$ cat structure-v2.txt   # compact mmCIF, C-alpha atoms
# COMPACT_ATOMS: atom_id res chain seq x y z
CA MET A 1 41.87 -0.79 16.07
CA PHE A 2 41.61 -0.59 19.85
CA LEU A 3 38.15 0.98 19.57
CA TYR A 4 37.13 -1.57 16.90
CA SER A 5 38.31 -4.48 19.05
CA ALA A 6 36.52 -3.08 22.10
CA LEU A 7 33.26 -2.71 20.19
CA LEU A 8 33.61 -6.18 18.68
CA THR A 9 34.20 -7.67 22.12
CA LEU A 10 31.20 -5.79 23.53
CA ALA A 11 29.01 -7.01 20.66
CA ALA A 12 30.18 -10.58 21.24
CA ALA A 13 29.44 -10.33 24.96
CA LEU A 14 25.97 -8.85 24.45
CA GLY A 15 25.16 -11.38 21.75
CA ALA A 16 26.49 -14.38 23.66
CA PRO A 17 23.11 -15.45 25.13
CA VAL A 18 21.48 -15.39 21.70
CA TRP A 19 24.31 -17.28 20.02
CA GLY A 20 24.49 -19.72 22.91
CA TRP A 21 20.80 -20.52 22.56
CA ARG A 22 21.19 -20.99 18.81
CA MET A 23 24.10 -23.33 19.37
CA VAL A 24 21.97 -25.44 21.67
CA ARG A 25 19.07 -25.47 19.23
CA GLN A 26 20.93 -25.76 15.92
CA GLY A 27 24.15 -27.68 15.35
CA ARG A 28 25.26 -25.49 12.47
CA TYR A 29 26.03 -22.65 14.88
CA ARG A 30 28.42 -24.91 16.82
CA GLU A 31 30.18 -26.23 13.74
CA GLY A 32 33.76 -25.05 13.49
CA LEU A 33 33.57 -22.89 16.63
CA ARG A 34 36.98 -23.99 17.96
CA GLN A 35 38.60 -23.18 14.63
CA ARG A 36 36.89 -19.78 14.50
CA LEU A 37 38.33 -19.01 17.93
CA GLY A 38 41.89 -19.66 16.76
CA SER A 39 42.36 -23.39 17.36
CA VAL A 40 44.24 -24.41 14.24
CA PRO A 41 43.21 -27.99 13.35
CA GLY A 42 45.87 -30.68 13.35
CA HIS A 43 45.18 -31.72 9.76
CA LEU A 44 45.96 -28.20 8.59
CA ARG A 45 49.19 -28.01 10.60
CA ALA A 46 50.36 -31.26 8.99
CA ALA A 47 49.39 -30.17 5.46
CA VAL A 48 51.39 -26.93 5.53
CA GLN A 49 54.41 -28.05 7.51
CA GLY A 50 57.62 -26.95 5.81
CA ARG A 51 55.94 -25.60 2.68
CA PRO A 52 55.08 -22.05 1.53
CA VAL A 53 51.36 -21.31 1.79
CA VAL A 54 48.77 -19.38 -0.21
CA TRP A 55 45.60 -18.82 1.84
CA LEU A 56 42.35 -18.24 -0.05
CA HIS A 57 39.14 -17.28 1.77
CA ALA A 58 35.68 -17.85 0.25
CA VAL A 59 32.69 -17.00 2.46
CA SER A 60 30.08 -19.51 1.35
CA VAL A 61 28.90 -21.74 -1.47
CA GLY A 62 28.79 -19.13 -4.23
CA GLU A 63 32.30 -17.91 -3.52
CA VAL A 64 33.63 -21.48 -3.23
CA ILE A 65 32.20 -22.38 -6.63
CA ALA A 66 33.64 -19.20 -8.15
CA ALA A 67 37.04 -19.97 -6.61
CA THR A 68 37.18 -23.61 -7.72
CA ARG A 69 39.10 -23.12 -10.91
CA LEU A 70 41.24 -20.35 -9.40
CA VAL A 71 42.44 -22.64 -6.60
CA ARG A 72 43.34 -25.38 -9.07
CA GLU A 73 45.20 -23.03 -11.41
CA LEU A 74 47.07 -21.42 -8.54
CA ALA A 75 48.12 -24.88 -7.35
CA ALA A 76 49.27 -25.73 -10.88
CA ALA A 77 51.22 -22.48 -11.22
CA LEU A 78 52.80 -22.91 -7.76
CA PRO A 79 53.65 -26.61 -7.47
CA ASN A 80 55.91 -26.03 -4.43
CA HIS A 81 53.21 -24.17 -2.51
CA VAL A 82 50.20 -25.37 -0.56
CA VAL A 83 46.91 -23.62 -1.34
CA VAL A 84 44.61 -23.73 1.70
CA VAL A 85 40.97 -22.61 1.65
CA SER A 86 38.82 -21.20 4.46
CA THR A 87 35.08 -20.54 4.55
CA THR A 88 32.71 -18.81 6.93
CA THR A 89 29.53 -20.87 6.58
CA PRO A 90 29.01 -24.59 7.26
CA THR A 91 27.46 -25.09 3.80
CA GLY A 92 30.51 -23.49 2.22
CA GLN A 93 32.72 -25.79 4.30
CA ARG A 94 30.93 -28.88 3.04
CA VAL A 95 31.25 -27.82 -0.60
CA VAL A 96 34.92 -26.91 -0.27
CA GLN A 97 35.67 -30.28 1.34
CA GLU A 98 34.01 -32.01 -1.61
CA ARG A 99 35.98 -30.02 -4.16
CA PHE A 100 39.43 -29.88 -2.58
CA SER A 101 41.66 -31.92 -0.30
CA PRO A 102 39.88 -31.93 3.11
CA ASP A 103 43.19 -31.58 4.98
CA ARG A 104 43.65 -28.11 3.46
CA VAL A 105 40.28 -26.55 4.37
CA PHE A 106 39.13 -24.89 7.59
CA PHE A 107 36.85 -22.24 9.09
CA PHE A 108 37.91 -18.59 8.87
CA PRO A 109 38.85 -17.13 12.28
CA LEU A 110 36.73 -14.51 14.00
CA ASP A 111 38.16 -11.02 13.65
CA PHE A 112 39.90 -10.98 17.03
CA ALA A 113 43.66 -10.45 17.24
CA PHE A 114 44.31 -13.70 19.12
CA ALA A 115 42.39 -15.81 16.58
CA VAL A 116 43.86 -14.18 13.48
CA ARG A 117 47.42 -14.29 14.86
CA ALA A 118 47.09 -17.99 15.67
CA TYR A 119 46.50 -18.80 11.99
CA LEU A 120 49.19 -16.43 10.78
CA ARG A 121 51.73 -18.07 13.12
CA VAL A 122 50.94 -21.58 11.86
CA LEU A 123 50.33 -20.88 8.18
CA GLN A 124 52.89 -18.09 7.67
CA PRO A 125 51.17 -17.41 4.33
CA ARG A 126 53.02 -15.80 1.47
CA LEU A 127 49.68 -14.39 0.26
CA LEU A 128 46.10 -14.05 1.49
CA VAL A 129 43.44 -13.99 -1.25
CA LEU A 130 39.98 -12.73 -0.25
CA MET A 131 37.00 -13.43 -2.49
CA GLU A 132 34.59 -10.64 -3.52
CA SER A 133 34.14 -8.26 -0.56
CA GLU A 134 35.04 -10.21 2.58
CA LEU A 135 37.18 -7.56 4.28
CA TRP A 136 37.84 -7.68 8.03
CA PRO A 137 39.77 -4.83 9.69
CA ARG A 138 41.77 -6.97 12.13
CA VAL A 139 42.75 -9.43 9.38
CA LEU A 140 44.00 -6.58 7.19
CA VAL A 141 46.03 -5.00 10.00
CA GLU A 142 47.55 -8.24 11.27
CA CYS A 143 48.52 -9.32 7.75
CA SER A 144 50.17 -5.96 7.18
CA ARG A 145 52.13 -6.28 10.44
CA ALA A 146 53.21 -9.81 9.48
CA GLY A 147 54.26 -8.72 5.99
CA VAL A 148 51.57 -10.83 4.29
CA PRO A 149 50.20 -9.22 1.10
CA VAL A 150 46.40 -9.28 0.81
CA ALA A 151 44.64 -9.42 -2.56
CA VAL A 152 40.90 -9.04 -3.07
CA VAL A 153 39.77 -10.92 -6.17
CA ASN A 154 36.45 -11.09 -8.00
CA ALA A 155 35.70 -7.92 -6.05
CA ARG A 156 32.28 -6.38 -6.32
CA MET A 157 30.42 -3.57 -4.61
CA SER A 158 26.64 -3.95 -4.64
CA ASP A 159 24.13 -1.10 -4.59
CA ARG A 160 23.20 -2.12 -1.05
CA SER A 161 26.80 -2.19 0.23
CA LEU A 162 27.98 1.06 -1.39
CA PRO A 163 26.11 3.46 0.94
CA ARG A 164 27.41 1.66 4.03
CA TYR A 165 31.01 1.74 2.83
CA THR A 166 30.65 5.38 1.72
CA MET A 167 29.27 6.43 5.10
CA LEU A 168 32.30 4.82 6.82
CA ARG A 169 34.79 5.87 4.15
CA THR A 170 36.93 7.81 6.64
CA LEU A 171 37.39 4.63 8.68
CA TRP A 172 37.85 2.28 5.72
CA ARG A 173 40.33 4.42 3.75
CA PRO A 174 43.39 3.71 5.98
CA LEU A 175 42.44 0.02 6.21
CA LEU A 176 42.12 -0.36 2.46
CA ARG A 177 45.68 0.91 2.07
CA HIS A 178 46.76 -2.46 3.47
CA VAL A 179 45.43 -4.08 0.25
CA PRO A 180 48.14 -4.03 -2.45
CA LEU A 181 45.86 -5.48 -5.16
CA LEU A 182 42.12 -5.43 -5.82
CA LEU A 183 40.79 -7.21 -8.92
CA ALA A 184 37.28 -6.00 -9.71
CA GLN A 185 34.57 -7.84 -11.60
CA SER A 186 33.68 -4.76 -13.71
CA ALA A 187 34.70 -1.18 -14.39
CA GLU A 188 31.79 0.05 -12.26
CA ASP A 189 32.91 -2.14 -9.34
CA ALA A 190 36.43 -0.75 -9.72
CA ARG A 191 35.13 2.83 -9.68
CA ARG A 192 33.17 2.16 -6.49
CA TRP A 193 36.12 0.63 -4.65
CA ILE A 194 38.33 3.55 -5.64
CA SER A 195 35.65 5.98 -4.41
CA ILE A 196 35.78 4.52 -0.89
CA GLY A 197 39.54 4.55 -0.58
CA VAL A 198 41.43 1.83 -2.49
CA PRO A 199 44.32 3.59 -4.26
CA GLN A 200 43.56 3.73 -7.98
CA GLU A 201 46.94 2.28 -8.98
CA ARG A 202 46.14 -0.90 -7.02
CA VAL A 203 42.81 -1.59 -8.74
CA GLU A 204 42.45 -3.63 -11.92
CA VAL A 205 39.44 -5.06 -13.77
CA SER A 206 39.85 -8.81 -14.24
CA GLY A 207 36.26 -9.96 -14.87
CA ASN A 208 34.01 -12.39 -13.02
CA LEU A 209 35.49 -15.75 -12.01
CA LYS A 210 32.05 -17.36 -12.05
CA PHE A 211 32.07 -17.35 -15.84
CA ASP A 212 35.07 -19.68 -15.85
CA VAL A 213 33.32 -22.35 -13.79
CA GLN A 214 32.21 -24.62 -16.58
CA ALA A 215 29.50 -26.92 -15.27
CA ALA A 216 29.63 -30.37 -16.78
CA VAL A 217 26.44 -30.85 -18.76
CA GLU A 218 27.17 -34.54 -18.81
CA LEU A 219 27.12 -34.90 -15.06
CA SER A 220 25.65 -38.22 -14.06
CA LEU A 221 22.93 -36.33 -12.20
CA THR A 222 21.71 -34.41 -15.26
CA ARG A 223 21.81 -37.55 -17.39
CA GLN A 224 19.83 -39.38 -14.72
CA ILE A 225 17.19 -36.66 -14.45
CA GLY A 226 17.01 -36.32 -18.22
CA ARG A 227 16.11 -39.99 -18.57
CA HIS A 228 13.17 -39.56 -16.17
CA ILE A 229 11.55 -36.47 -17.68
CA PRO A 230 8.23 -37.38 -19.36
CA PRO A 231 8.58 -37.38 -23.18
CA LYS A 232 6.45 -34.31 -23.90
CA ALA A 233 7.18 -32.38 -20.73
CA ARG A 234 8.79 -28.97 -20.65
CA VAL A 235 11.24 -28.16 -17.86
CA ILE A 236 11.29 -24.98 -15.78
CA VAL A 237 14.34 -24.50 -13.56
CA CYS A 238 13.87 -21.84 -10.87
CA GLY A 239 17.27 -21.14 -9.37
CA SER A 240 18.52 -19.41 -6.22
CA THR A 241 15.05 -18.39 -5.04
CA HIS A 242 14.46 -16.42 -1.86
CA ASP A 243 11.67 -16.09 0.65
CA GLY A 244 8.77 -14.37 -1.09
CA GLU A 245 9.54 -15.86 -4.51
CA GLU A 246 8.65 -19.54 -4.06
CA ALA A 247 5.02 -18.72 -3.23
CA VAL A 248 4.73 -16.72 -6.48
CA LEU A 249 6.32 -19.50 -8.55
CA LEU A 250 4.14 -22.21 -7.01
CA ASP A 251 1.10 -20.07 -7.77
CA CYS A 252 2.30 -19.82 -11.38
CA LEU A 253 2.61 -23.60 -11.58
CA ARG A 254 -0.94 -24.02 -10.40
CA ASN A 255 -2.65 -21.21 -12.33
CA PHE A 256 -0.63 -20.17 -15.37
CA LEU A 257 1.40 -23.02 -16.74
CA PRO A 258 0.29 -25.87 -19.02
CA ASP A 259 -0.14 -29.36 -17.63
CA GLN A 260 2.92 -30.92 -19.23
CA GLN A 261 5.80 -29.33 -17.40
CA VAL A 262 8.32 -30.27 -14.73
CA MET A 263 9.43 -27.59 -12.26
CA ILE A 264 12.85 -27.87 -10.62
CA LEU A 265 13.05 -25.43 -7.73
CA ALA A 266 16.36 -24.59 -6.00
CA PRO A 267 16.09 -22.27 -2.98
CA ARG A 268 19.17 -20.12 -2.45
CA HIS A 269 19.47 -21.47 1.10
CA PRO A 270 18.79 -25.24 1.35
CA GLU A 271 17.83 -24.94 5.02
CA ARG A 272 14.60 -23.29 3.81
CA ILE A 273 13.46 -26.51 2.10
CA PRO A 274 10.93 -27.38 4.88
CA GLN A 275 9.41 -23.93 4.53
CA VAL A 276 9.06 -24.36 0.76
CA GLU A 277 7.55 -27.82 1.23
CA SER A 278 4.93 -26.29 3.53
CA LEU A 279 4.14 -23.63 0.93
CA ALA A 280 3.70 -26.27 -1.76
CA LYS A 281 1.50 -28.42 0.45
CA ALA A 282 -0.72 -25.43 1.21
CA SER A 283 -1.04 -24.86 -2.55
CA GLY A 284 -1.97 -28.49 -3.20
CA ILE A 285 1.28 -29.20 -5.02
CA GLY A 286 3.38 -32.28 -4.32
CA THR A 287 7.13 -32.14 -3.74
CA VAL A 288 10.07 -34.52 -3.82
CA ARG A 289 13.55 -33.71 -2.58
CA LEU A 290 16.39 -34.27 -5.02
CA SER A 291 18.48 -36.08 -2.40
CA GLU A 292 15.67 -38.59 -1.86
CA TRP A 293 14.69 -38.91 -5.52
CA ARG A 294 18.21 -39.84 -6.62
CA LEU A 295 18.19 -42.80 -4.19
CA SER A 296 15.16 -44.26 -5.99
CA PRO A 297 14.73 -42.49 -9.35
CA ASP A 298 11.31 -42.55 -10.96
CA GLU A 299 9.61 -40.58 -13.71
CA LEU A 300 9.30 -36.97 -12.63
CA ARG A 301 5.72 -35.92 -12.07
CA THR A 302 4.27 -32.92 -13.85
CA ASP A 303 2.04 -32.22 -10.86
CA ALA A 304 4.92 -32.04 -8.37
CA VAL A 305 8.04 -29.97 -7.82
CA LEU A 306 11.57 -31.38 -7.64
CA LEU A 307 13.22 -29.48 -4.76
CA VAL A 308 17.00 -29.13 -4.97
CA ASP A 309 18.20 -29.64 -1.40
CA THR A 310 21.85 -30.10 -2.39
CA VAL A 311 24.49 -27.47 -3.12
CA GLY A 312 26.78 -26.91 -6.08
CA GLU A 313 24.59 -28.60 -8.72
CA LEU A 314 22.22 -25.85 -9.85
CA SER A 315 24.47 -24.59 -12.62
CA ALA A 316 24.43 -27.97 -14.37
CA LEU A 317 20.68 -28.39 -13.80
CA TYR A 318 20.08 -25.28 -15.89
CA SER A 319 21.16 -27.37 -18.90
CA LEU A 320 17.88 -29.31 -18.60
CA ALA A 321 15.69 -26.21 -18.76
CA HIS A 322 13.38 -25.03 -21.51
CA VAL A 323 13.11 -21.79 -19.53
CA ALA A 324 14.87 -20.59 -16.39
CA PHE A 325 13.79 -18.21 -13.65
CA VAL A 326 16.71 -16.56 -11.85
CA GLY A 327 15.92 -15.74 -8.24
CA GLY A 328 16.77 -12.99 -5.81
CA SER A 329 15.11 -10.67 -8.31
CA LEU A 330 11.39 -10.52 -7.41
CA VAL A 331 12.55 -9.45 -3.94
CA GLN A 332 15.23 -6.90 -3.16
CA ARG A 333 18.30 -9.15 -3.17
CA GLY A 334 20.05 -7.76 -6.24
CA GLY A 335 19.51 -10.89 -8.33
CA GLN A 336 21.70 -13.87 -9.13
CA ASN A 337 23.77 -14.53 -12.23
CA PRO A 338 21.54 -14.81 -15.35
CA LEU A 339 24.43 -15.99 -17.50
CA GLU A 340 24.45 -19.38 -15.75
CA PRO A 341 21.40 -20.57 -17.74
CA ALA A 342 22.36 -18.40 -20.72
CA ARG A 343 25.50 -20.47 -21.28
CA TYR A 344 23.16 -23.25 -22.46
CA GLY A 345 21.11 -20.98 -24.71
CA VAL A 346 18.17 -21.13 -22.27
CA PRO A 347 15.66 -18.23 -22.26
CA VAL A 348 15.76 -16.43 -18.91
CA VAL A 349 13.00 -14.79 -16.88
CA MET A 350 14.09 -12.48 -14.08
CA GLY A 351 12.53 -9.95 -11.71
CA GLU A 352 13.19 -6.23 -11.61
CA HIS A 353 15.83 -6.36 -8.87
CA PHE A 354 19.01 -7.20 -10.78
CA GLU A 355 21.32 -4.51 -9.40
CA ASN A 356 24.23 -6.94 -9.03
CA PHE A 357 24.19 -7.75 -12.75
CA ARG A 358 23.07 -4.55 -14.50
CA SER A 359 25.47 -4.66 -17.44
CA ILE A 360 24.90 -8.37 -18.07
CA VAL A 361 21.12 -7.96 -18.03
CA ALA A 362 21.38 -5.03 -20.45
CA ALA A 363 23.46 -7.12 -22.86
CA MET A 364 21.03 -10.04 -22.60
CA GLN A 365 18.08 -7.75 -23.22
CA ALA A 366 19.79 -6.49 -26.38
CA ALA A 367 20.15 -10.12 -27.48
CA GLY A 368 16.49 -10.88 -26.72
CA ALA A 369 17.59 -13.59 -24.28
CA ILE A 370 15.98 -12.34 -21.06
CA THR A 371 12.56 -11.13 -19.96
CA ILE A 372 12.22 -8.80 -16.97
CA VAL A 373 9.01 -9.30 -15.01
CA THR A 374 7.10 -8.36 -11.88
CA ALA A 375 5.49 -10.78 -9.46
CA ALA A 376 2.21 -10.19 -11.28
CA SER A 377 3.59 -10.92 -14.76
CA VAL A 378 6.02 -13.78 -14.11
CA GLY A 379 3.40 -16.48 -14.77
CA GLU A 380 2.51 -15.21 -18.24
CA ALA A 381 6.20 -14.69 -19.04
CA LEU A 382 7.05 -18.29 -18.14
CA LYS A 383 4.09 -19.56 -20.12
CA THR A 384 5.14 -17.54 -23.18
CA ALA A 385 8.76 -18.65 -22.89
CA LEU A 386 7.70 -22.31 -22.73
CA ALA A 387 5.68 -21.90 -25.89
CA THR A 388 8.32 -19.91 -27.78
CA GLU A 389 11.76 -21.27 -28.58
CA LEU A 390 14.69 -18.88 -28.81
CA THR A 391 15.94 -18.50 -32.35
CA GLU A 392 19.34 -20.02 -33.05
CA LEU A 393 20.72 -16.47 -33.38
CA GLN A 394 19.47 -15.60 -29.88
CA ARG A 395 20.98 -18.81 -28.50
CA GLU A 396 24.33 -18.01 -30.08
CA GLN A 397 24.19 -14.45 -28.72
CA SER A 398 23.55 -15.82 -25.22
CA ARG A 399 26.45 -18.22 -25.48
CA ALA A 400 28.68 -15.48 -26.92
CA LEU A 401 27.89 -13.23 -23.94
CA PHE A 402 29.06 -15.96 -21.62
CA GLN A 403 32.23 -16.57 -23.61
CA ARG A 404 33.08 -12.85 -23.66
CA GLU A 405 33.09 -12.84 -19.87
CA ALA A 406 35.39 -15.88 -19.66
CA GLY A 407 39.11 -15.66 -18.98
CA ALA A 408 38.98 -14.01 -15.53
CA THR A 409 40.84 -16.91 -13.91
CA GLN A 410 43.92 -16.56 -16.11
CA ARG A 411 43.96 -12.79 -15.60
CA THR A 412 43.62 -13.24 -11.83
CA VAL A 413 46.45 -15.78 -11.56
CA ALA A 414 48.71 -13.57 -13.68
CA ALA A 415 48.02 -10.61 -11.38
CA LEU A 416 48.55 -12.58 -8.16
CA LEU A 417 51.88 -14.25 -8.97
CA PRO A 418 53.97 -11.02 -8.79
CA LEU A 419 52.79 -10.51 -5.19
CA LEU A 420 54.53 -13.75 -4.24
CA LYS A 421 57.82 -12.51 -5.68
CA GLU A 422 57.84 -9.31 -3.64
CA PRO A 423 60.03 -9.39 -0.50
CA ARG A 424 58.10 -9.85 2.72
$ encode --input "structure-v2.txt" --output "structure tokens"
Amino acid sequence: MFLYSALLTLAAALGAPVWGWRMVRQGRYREGLRQRLGSVPGHLRAAVQGRPVVWLHAVSVGEVIAATRLVRELAAALPNHVVVVSTTTPTGQRVVQERFSPDRVFFFPLDFAFAVRAYLRVLQPRLLVLMESELWPRVLVECSRAGVPVAVVNARMSDRSLPRYTMLRTLWRPLLRHVPLLLAQSAEDARRWISIGVPQERVEVSGNLKFDVQAAVELSLTRQIGRHIPPKARVIVCGSTHDGEEAVLLDCLRNFLPDQQVMILAPRHPERIPQVESLAKASGIGTVRLSEWRLSPDELRTDAVLLVDTVGELSALYSLAHVAFVGGSLVQRGGQNPLEPARYGVPVVMGEHFENFRSIVAAMQAAGAITIVTAASVGEALKTALATELTELQREQSRALFQREAGATQRTVAALLPLLKEPR
């Protein structure tokens, strides 16, 4: 840990000029800096005073959404406890403040002993719950020294991460022994975590929490948009797109797709909206931002793209789709969750890079509910999907896939509660 702390300090010192410049240029790099450096905010001190605490950490928007139901069910199961939630990114912080009591949310401390210890002294948590794969060596060691059990839930190990963890397995193995419970999304994820050093008896498969986040189809937003879709128009929802995908999709809109369609495009990172607007303008395609449109709703144009510049609403927007494209898959990002549109019986088009969801894609292929494409074939695939409705059997198979994955939240809560009963 001494060597790790020394290297981390050196990296921080060498990177200080770059980060300082970014803080001057972009406010998001300054946001929450005091909290990250161990200054526990007053609202958090007041919220936890005199009460036992469960601390849950979710890195960004995706993890916050996945944790939403878990936080609520933990709070219901532990009425005498306070569940507090930390995030790493500013966008995650905004979403978590919208979904939970703002006095119980904060930025996760940097992995320095002084910052981590400051939060442990104030919170004195009975349990730290880490979402997915957000493991920090200093946090694990300091929690172990303080007698705080650490559970990793909704844990996954992507194809990209596995080689890095495997290469450093000798270093990670003793650190992972500080984790008394790891709940994996799938049997393959469990196998991978065991292979890099988590003791097998501490690993369980609980499923994916994201399948328990039931988006409300009847959100006022989806009703509002639905009323402004032209009568004969077909809707394409392109979700969680990355750099390199929007240009392909805009080209499809211009060259492959029929005239009567509305495209809703949701970049994975909303800060890229200006870049996507520039791409559309260069292609001769108009755009309107969702945040601006909802202030003055009008009939959606079939010659323009509705850009989703908000967070946390994509899942519900899939309910409007006649076909959905799931991003992070034409480029090497491992893909996003294709079951989000499938829950509504929507046909899905996805690129070849779906490493993060192999088993789900295989099951959807067997049900005839997903089409795997390349950048060259995505236009024809979208056009075909718009012209061909899924059969009712295919729709039911898609919905059944989603339902089979549900229940992870209950399994996770049931596995976490015994950790709170163990002596500290």
$ closest_residue --input "structure-v2.txt" --among "A:Pro149, A:Gly197, A:Gly207, A:Pro102" --to "Gln410 of chain A" --atoms "all atoms listed in the file"
A:Gly207
$ atom_distance --input "structure-v2.txt" --atom1 "atom CA of Thr241 of chain A" --atom2 "atom CA of Val348 of chain A"
14.0 Å
$ closest_residue --input "structure-v2.txt" --among "A:Leu74, A:Ala415, A:Val61, A:Ala266" --to "Glu98 of chain A" --atoms "all atoms listed in the file"
A:Val61
$ atom_distance --input "structure-v2.txt" --atom1 "atom CA of Phe112 of chain A" --atom2 "atom CA of Phe100 of chain A"
27.2 Å
$ residues_near_point --input "structure-v2.txt" --point "(44.8, -16.5, 10.5)" --cutoff "8 Å" --atoms "only C-alpha atoms" --output "CSV table (one decimal) with C-alpha atoms, keeping the file's coordinate frame"
chain,number,residue,atom,x,y,z
A,38,GLY,CA,41.9,-19.7,16.8
A,108,PHE,CA,37.9,-18.6,8.9
A,109,PRO,CA,38.8,-17.1,12.3
A,115,ALA,CA,42.4,-15.8,16.6
A,116,VAL,CA,43.9,-14.2,13.5
A,117,ARG,CA,47.4,-14.3,14.9
A,118,ALA,CA,47.1,-18.0,15.7
A,119,TYR,CA,46.5,-18.8,12.0
A,120,LEU,CA,49.2,-16.4,10.8
A,121,ARG,CA,51.7,-18.1,13.1
A,123,LEU,CA,50.3,-20.9,8.2
A,139,VAL,CA,42.8,-9.4,9.4
$ closest_atom_pairs --input "structure-v2.txt" --of "segment 176-274 of chain A" --to "segment 308-321 of chain A" --cutoff "8 Å" --atoms "all atoms listed in the file" --output "CSV"
residue,atom,partner,partner_atom,distance
A:Ala215,CA,A:Ala316,CA,5.3
A:Ala216,CA,A:Ala316,CA,6.2
A:Val217,CA,A:Ala316,CA,5.6
A:Leu219,CA,A:Ala316,CA,7.5
A:Thr222,CA,A:Leu317,CA,6.3
A:Gly226,CA,A:Leu320,CA,7.1
A:Arg234,CA,A:Ala321,CA,7.7
A:Val235,CA,A:Ala321,CA,4.9
A:Ile236,CA,A:Ala321,CA,5.5
A:Val237,CA,A:Ala321,CA,5.6
A:Gly239,CA,A:Leu314,CA,6.8
A:Ile264,CA,A:Val308,CA,7.1
A:Leu265,CA,A:Val308,CA,6.1
A:Ala266,CA,A:Val308,CA,4.7
A:Pro267,CA,A:Val308,CA,7.2
A:Pro270,CA,A:Asp309,CA,5.2
A:Glu271,CA,A:Asp309,CA,8.0
A:Ile273,CA,A:Asp309,CA,6.7
$ closest_residue --input "structure-v2.txt" --among "A:Arg399, A:Val326, A:Ile225, A:Leu128" --to "Thr371 of chain A" --atoms "only C-alpha atoms"
A:Val326
$ atom_distance --input "structure-v2.txt" --atom1 "atom CA of Phe402 of chain A" --atom2 "atom CA of Glu246 of chain A"
27.2 Å
$ closest_residue --input "structure-v2.txt" --among "A:Val96, A:Ala66, A:Thr384, A:Leu171" --to "Val153 of chain A" --atoms "all atoms listed in the file"
A:Ala66
$ residues_around --input "structure-v2.txt" --residues "Asn154 of chain A" --least-positions-apart "2" --cutoff "7 Å" --atoms "all atoms listed in the file" --output "list in words"
Met131, Glu132, Val152, Arg156, Leu183, Ala184, Gln185, Gly207, Asn208 and Leu209 of chain A
$ closest_residue --input "structure-v2.txt" --among "A:Asn255, A:Ser101, A:Gln336, A:Gln260" --to "Arg72 of chain A" --atoms "only C-alpha atoms"
A:Ser101
